[in-house]
Amino acid sequence: MGLKRIRYLLFVGMVLFLPSAQVWAELVVVVNARSGVAVMSRNEVINIFFGRNRQFFNGIEAQPVDLVDSHPDRGRFYSALVGKDLADINAYWSRQVFSGRLQSPPKMRTSEEALKWIVSQPGGIGFIELAKADARVRVVYELQH
Amino acid sequence: MASGNNSKPGLIHRVFSCLAGALLIGLAQHSFADDEPAFMLQGFGTLGAARTTSNEVEFVRDLSQPRGARQNWDARVDSILGVQANWRVNPQLEAVVQVVSRYRYDRTFTPEFSWAYLKYEPSPNLSLRAGRLGTEFFMMADSRLVGYSFLTVRPPGDFFWSLPFYNIDGADAALTVPIGDHLLRGKLFYGISNGQIALAQKQWNIDGSVMAGGYIDYQAGAWLFRASYANLRFKHDLPIEDVLQSYLPQPLAMQAAAYLATGNTRSHYYSLGAIYDSGPWQLQLMLNHCDQGSNAFESSDAGYVLAGYRIASVTPFVGYSWASSEARENALNPVVATIMADAHVDQKTTIVGARWDLLSNIALKAQWDGIRGEPTSIFPYRQERAGWSGKMDVFSLTMDFVF
C-alpha cells in the first residue's frame with residue numbers, strides 16, 4: 001500500500017515539476033554524423049547493441065555506448081528495443097564476458113557523457129532523447145513504444 | 001593404463017605463468033588509464049545444494065565429478081567460484097585468464113586455469129584466439145559454469161553430462177558476416193583436450209586427446225540457429241587394466257583390453273540447436289548425436305526443450321530432456337559385457353523450476369528434475385547399486401552471483 005502511494009506521489013511530482021518533454025521524451029538511436037550510416041533496422045540496432053555485429057555496413061567499427069543501470073533511459077531503451085528487463089540484459093552480458101566472447105559497451109552516467117562518446121568515436125552509436133540530438137549526430141532509428 | 005600427468009604440464013604451466021605475469025604487469029601499468037579500463041577483474045560463483053530421492057546412485061553435474069548427491073543435501077554438485085582477468089593490450093589484442101574452483105575429478109576444489117588465451121581481432125568481426133580456450137558445447141555461452149548467465153540451475157543434464165570437456169589448449173577463429181539484418185557466424189577450433197574424467201576409484205586421463213570442430217550460427221532477429229560438429233581422438237585407454245587382470249586370465253585380459261581400447265579411437269559429435277529469445281520469452285531446443293569409435297562407449301542421442309517466461313523478477317521455466325544410447329551387440333565375455341553396460345543410458349527428464357532475480361547481480365533458483373529411466377541407465381551416475389530403478393527426483397537450490 002505504502003509503495004503504491006509513494007509511486008503515485010512520485011508520478012504526480014514528476015508531472016508537476018518536470019517539463020513533460022523530459023518525462024515522455026522519445027528515445028532515438030544516434031550515430032556519429034560522420035559514420036556514413038543513415039538509417040538502421042531494428043534488428044541491426046539489436047545486433048550492434050548486443051555485440052553480435054561489430055561493424056556497420058560500410059566497414060566502420062561500431063562503438064556502442066550504454067548508460068548505467070540507474071539512468072532511467074537505460075531501462076526504457078532495452079524494454080522498447082527487445083522487451084527485456086535490465087536483469088535479462090545484465091545476464092546476457094555476464095554470459096558474454098564469462099565466455100570470453102565480448103566485453104560490454106562502456107556505461108556512461110549521463111546522456112551528455114554518452115553523447116560526448118558518440119561524437120568522439122568514428123563509429124560511435126548510442127541512445128538519447130530526441131531533443132538532445134544535435135548536428136554532430138544522426139538519428140538512425142526511432143524506438144517504438 | 002592411463003598414465004598420469006606426464007604430457008608436459010611444465011610447458012603449459014610456464015605459458016600460463018607468463019600470461020598471468022603479463023596480466024599483472026598490465027594491471028600495474030594500465031589500471032589508471034583515463035578512458036576505458038584496460039584491465040578488468042570480474043568474478044562469478046554459485047552456492048548450490050542438491051538432493052535426490054535415491055540412495056542407489058549418486059547424481060553428478062557431469063562425468064568430471066567423482067561423487068555426487070544422494071538423499072542428503074549435497075553442496076558439491078553445483079557450487080563454483082570463478083575469477084576472470086581481462087587485459088586489453090590494445091584495441092586489437094586482449095589477454096584473458098579465468099581461474100575456476102569447483103568439485104573435480106580428484107575430489108577436491110583445487111582451482112584450475114579454465115581459460116588463458118590471447119585474442120587478436122584483425123577486424124571487428126574476425127576473432128582469432130590461441131591458448132587455453134573453452135569448448136562451446138552449450139549454445140548459450142562457451143562456459144557452462146556461470147549459473148547466473150542461464151535460466152536453469154545447470155545446463156540440462158541429459159544433454160550435457162556426457163560432455164565433460166571444458167577446454168582445449170589450441171586455437172580458434174570466428175567470423176561474423178551480416179546478411180541483410182541477419183547474421184551468419186562461423187567458428188573453427190583445433191586443440192589438445194586436457195583434463196581428467198573420474199572413473200570409479202580412478203581417473204581417466206583425457207590429456208593429449210586431439211579435439212577439432214566448428215559450428216555455424218544463423219541469427220535472424222530473435223531466433224538463433226546452430227549446427228555444430230566436433231570430433232575427439234582419445235589418447236589414452238580407460239584405467240580398467242587391473243579390473244580386467246583380476247577377473248580374467250592373462251590372455252583374455254589382454255584381448256579384452258584391446259577390445260575396449262579407447263586410445264586412438266574417435267568420437268564424433270553432431271548437434272543442432274535453436275533459441276528464441278524475445279521479450280519475456282526464452283525457448284531453447286537442442287539435439288545431439290554422438291558416434292563412438294571405441295567399444296567401451298555406446299553411440300547416443302540426446303536432446304532438450306526448455307521454455308521460460310519472465311514475470312517481473314521471477315522467471316518460471318519448464319523443460320524436457322532425454323538421452324539414450326545404443327547397446328553394442330557383441331561382448332567378448334561377461335566381464336567385458338559388465339564394463340560395456342556401464343556406458344548405457346536410457347532416460348527422460350522433466351524439469352520444472354524458477355529463477356528469481358533478487359538483485360542486479362544475484363539470482364536464486366529452485367528446480368525439480370524428474371528423472372524417469374530404465375534400471376540399465378547408469379552411465380550418467382556414480383556409485384550405482386543393484387537396486388537402482390532408473391527413476392528418481394532431484395531437488396536443487398542455488399544462489400548464483402557475478403561480481
# chains A, B, ... in the order shown; residues from 1 in each chain; ligands from 1
>>> closest_atom_pairs(of="segment 56-131 of chain A", to="segment 396-403 of chain B", cutoff="10 Å", atoms="only C-alpha atoms", output="CSV")
residue,atom,partner,partner_atom,distance
A:Asn90,CA,B:Val402,CA,9.9
A:Ala91,CA,B:Val402,CA,9.2
A:Ser94,CA,B:Val402,CA,7.5
A:Phe98,CA,B:Val402,CA,9.6
>>> closest_atom_pairs(of="chain B", to="chain A", cutoff="9 Å", atoms="only C-alpha atoms", output="JSON lines")
{"residue": "B:Glu36", "atom": "CA", "partner": "A:Pro106", "partner_atom": "CA", "distance": 7.1}
{"residue": "B:Gln42", "atom": "CA", "partner": "A:Phe98", "partner_atom": "CA", "distance": 8.6}
{"residue": "B:Gly43", "atom": "CA", "partner": "A:Phe98", "partner_atom": "CA", "distance": 8.4}
{"residue": "B:Phe44", "atom": "CA", "partner": "A:Phe98", "partner_atom": "CA", "distance": 8.2}
{"residue": "B:Gln84", "atom": "CA", "partner": "A:Phe98", "partner_atom": "CA", "distance": 7.4}
{"residue": "B:Asn86", "atom": "CA", "partner": "A:Gly100", "partner_atom": "CA", "distance": 8.8}
{"residue": "B:Val96", "atom": "CA", "partner": "A:Gly100", "partner_atom": "CA", "distance": 7.4}
{"residue": "B:Gln98", "atom": "CA", "partner": "A:Phe98", "partner_atom": "CA", "distance": 8.4}
{"residue": "B:Trp115", "atom": "CA", "partner": "A:Gly100", "partner_atom": "CA", "distance": 8.5}
{"residue": "B:Ser123", "atom": "CA", "partner": "A:Glu61", "partner_atom": "CA", "distance": 8.3}
{"residue": "B:Pro124", "atom": "CA", "partner": "A:Arg54", "partner_atom": "CA", "distance": 5.5}
{"residue": "B:Asn125", "atom": "CA", "partner": "A:Arg54", "partner_atom": "CA", "distance": 5.9}
{"residue": "B:Leu133", "atom": "CA", "partner": "A:Gly100", "partner_atom": "CA", "distance": 8.7}
{"residue": "B:Gly134", "atom": "CA", "partner": "A:Ser99", "partner_atom": "CA", "distance": 7.4}
{"residue": "B:Glu136", "atom": "CA", "partner": "A:Ser99", "partner_atom": "CA", "distance": 9.0}
{"residue": "B:Met140", "atom": "CA", "partner": "A:Arg95", "partner_atom": "CA", "distance": 7.6}
{"residue": "B:Ala141", "atom": "CA", "partner": "A:Ser99", "partner_atom": "CA", "distance": 5.9}
{"residue": "B:Asp142", "atom": "CA", "partner": "A:Ser99", "partner_atom": "CA", "distance": 5.0}
{"residue": "B:Ser143", "atom": "CA", "partner": "A:Ser99", "partner_atom": "CA", "distance": 5.1}
{"residue": "B:Arg144", "atom": "CA", "partner": "A:Ser99", "partner_atom": "CA", "distance": 8.7}
{"residue": "B:Val146", "atom": "CA", "partner": "A:Phe98", "partner_atom": "CA", "distance": 7.2}
{"residue": "B:Tyr148", "atom": "CA", "partner": "A:Ala91", "partner_atom": "CA", "distance": 6.6}
{"residue": "B:Ser149", "atom": "CA", "partner": "A:Arg95", "partner_atom": "CA", "distance": 4.9}
{"residue": "B:Phe150", "atom": "CA", "partner": "A:Ala91", "partner_atom": "CA", "distance": 7.5}
{"residue": "B:Thr176", "atom": "CA", "partner": "A:Asn53", "partner_atom": "CA", "distance": 7.0}
{"residue": "B:Val177", "atom": "CA", "partner": "A:Asn53", "partner_atom": "CA", "distance": 8.1}
{"residue": "B:Pro178", "atom": "CA", "partner": "A:Asn53", "partner_atom": "CA", "distance": 7.4}
{"residue": "B:Gly180", "atom": "CA", "partner": "A:Glu44", "partner_atom": "CA", "distance": 8.7}
{"residue": "B:Asp181", "atom": "CA", "partner": "A:Glu44", "partner_atom": "CA", "distance": 5.4}
{"residue": "B:His182", "atom": "CA", "partner": "A:Asn43", "partner_atom": "CA", "distance": 7.4}
{"residue": "B:Leu183", "atom": "CA", "partner": "A:Asn53", "partner_atom": "CA", "distance": 7.5}
{"residue": "B:Gln219", "atom": "CA", "partner": "A:Arg52", "partner_atom": "CA", "distance": 8.9}
{"residue": "B:Ala220", "atom": "CA", "partner": "A:Asn43", "partner_atom": "CA", "distance": 8.1}
{"residue": "B:Gly221", "atom": "CA", "partner": "A:Asn43", "partner_atom": "CA", "distance": 5.7}
{"residue": "B:Ala222", "atom": "CA", "partner": "A:Asn43", "partner_atom": "CA", "distance": 8.5}
{"residue": "B:Ser278", "atom": "CA", "partner": "A:Val82", "partner_atom": "CA", "distance": 6.2}
{"residue": "B:Gly279", "atom": "CA", "partner": "A:Gly83", "partner_atom": "CA", "distance": 4.0}
{"residue": "B:Pro280", "atom": "CA", "partner": "A:Lys84", "partner_atom": "CA", "distance": 6.4}
{"residue": "B:Arg310", "atom": "CA", "partner": "A:Lys84", "partner_atom": "CA", "distance": 9.0}
{"residue": "B:Ala312", "atom": "CA", "partner": "A:Asp85", "partner_atom": "CA", "distance": 8.2}
{"residue": "B:Ser313", "atom": "CA", "partner": "A:Ala87", "partner_atom": "CA", "distance": 8.0}
{"residue": "B:Asp357", "atom": "CA", "partner": "A:Ala87", "partner_atom": "CA", "distance": 6.9}
{"residue": "B:Leu359", "atom": "CA", "partner": "A:Ala87", "partner_atom": "CA", "distance": 8.2}
{"residue": "B:Ser360", "atom": "CA", "partner": "A:Ala87", "partner_atom": "CA", "distance": 5.8}
{"residue": "B:Asn361", "atom": "CA", "partner": "A:Asn90", "partner_atom": "CA", "distance": 7.9}
{"residue": "B:Val402", "atom": "CA", "partner": "A:Ser94", "partner_atom": "CA", "distance": 7.5}
>>> residues_around(residues="Gly126 of chain A", least_positions_apart="3", cutoff="8 Å", atoms="only C-alpha atoms", output="list in words")
Val29, Val30, Val31, Pro64, Val65, Asp66, Ala114, Leu115 and Ile118 of chain A
>>> residues_around(residues="segment 274-277 of chain B", least_positions_apart="3", cutoff="12 Å", atoms="only C-alpha atoms", output="count of residues only")
40
>>> closest_atom_pairs(of="segment 292-383 of chain B", to="segment 54-62 of chain B", cutoff="12 Å", atoms="only C-alpha atoms", output="tab-separated table")
residue	atom	partner	partner_atom	distance
B:Asp369	CA	B:Phe59	CA	11.2
B:Gly370	CA	B:Ser54	CA	11.8
B:Ile371	CA	B:Phe59	CA	10.7
B:Pro375	CA	B:Glu56	CA	10.5
B:Thr376	CA	B:Val57	CA	11.9
B:Ser377	CA	B:Val57	CA	10.6
B:Ile378	CA	B:Val57	CA	8.2
B:Phe379	CA	B:Asp62	CA	10.2
B:Pro380	CA	B:Asp62	CA	7.2
B:Tyr381	CA	B:Phe59	CA	5.5
B:Arg382	CA	B:Glu58	CA	4.9
B:Gln383	CA	B:Val57	CA	5.5
>>> select_by_dssp(residues="segment 161-290 of chain B", states="alpha helix (DSSP H)", output="NGL selection string")
:B and (241-247 or 250-259)
>>> write_last_selection(atoms="C-alpha atoms", output="PDB file, in the first residue's frame")
ATOM      1  CA  GLU B 241      43.536 -52.860 -16.865  1.00  0.00           C
ATOM      2  CA  ASP B 242      43.679 -54.019 -13.257  1.00  0.00           C
ATOM      3  CA  VAL B 243      39.956 -54.832 -13.269  1.00  0.00           C
ATOM      4  CA  LEU B 244      40.477 -56.989 -16.348  1.00  0.00           C
ATOM      5  CA  GLN B 245      43.613 -58.583 -14.840  1.00  0.00           C
ATOM      6  CA  SER B 246      41.868 -59.511 -11.626  1.00  0.00           C
ATOM      7  CA  TYR B 247      38.757 -61.001 -13.258  1.00  0.00           C
ATOM      8  CA  GLN B 250      46.079 -63.134 -18.735  1.00  0.00           C
ATOM      9  CA  PRO B 251      45.416 -63.875 -22.448  1.00  0.00           C
ATOM     10  CA  LEU B 252      41.721 -62.993 -22.133  1.00  0.00           C
ATOM     11  CA  ALA B 253      42.571 -59.843 -20.178  1.00  0.00           C
ATOM     12  CA  MET B 254      44.875 -58.691 -22.959  1.00  0.00           C
ATOM     13  CA  GLN B 255      42.262 -59.470 -25.581  1.00  0.00           C
ATOM     14  CA  ALA B 256      39.649 -57.593 -23.573  1.00  0.00           C
ATOM     15  CA  ALA B 257      41.945 -54.592 -23.130  1.00  0.00           C
ATOM     16  CA  ALA B 258      42.463 -54.428 -26.887  1.00  0.00           C
ATOM     17  CA  TYR B 259      38.716 -54.788 -27.473  1.00  0.00           C
TER      18      TYR B 259
END
>>> residues_around(residues="segment 189-193 of chain B", least_positions_apart="2", cutoff="12 Å", atoms="only C-alpha atoms", output="PyMOL selection string")
chain B and resi 7+12+114+127-136+164-174+186-187+195-197+205-215+228-236
>>> closest_residue(among="B:Gly319, B:Gly273, B:Gly48, B:Gly353", to="Phe137 of chain B", atoms="only C-alpha atoms")
B:Gly273
>>> closest_residue(among="B:Asn295, B:Asn330, B:Thr152, B:Gln201", to="Tyr105 of chain B", atoms="only C-alpha atoms")
B:Gln201
>>> closest_residue(among="B:Leu238, B:Asn72, B:Phe159, B:Val153", to="Cys290 of chain B", atoms="only C-alpha atoms")
B:Phe159
>>> atom_distance(atom1="atom CA of Ala50 of chain B", atom2="atom CA of Leu63 of chain B")
16.4 Å
>>> residues_around(residues="Asn58 of chain A", least_positions_apart="5", cutoff="9 Å", atoms="only C-alpha atoms", output="ChimeraX atom specification")
/A:35-37
>>> closest_residue(among="A:Arg136, A:Ile48, A:Gln144, A:Val68", to="Pro122 of chain A", atoms="only C-alpha atoms")
A:Arg136
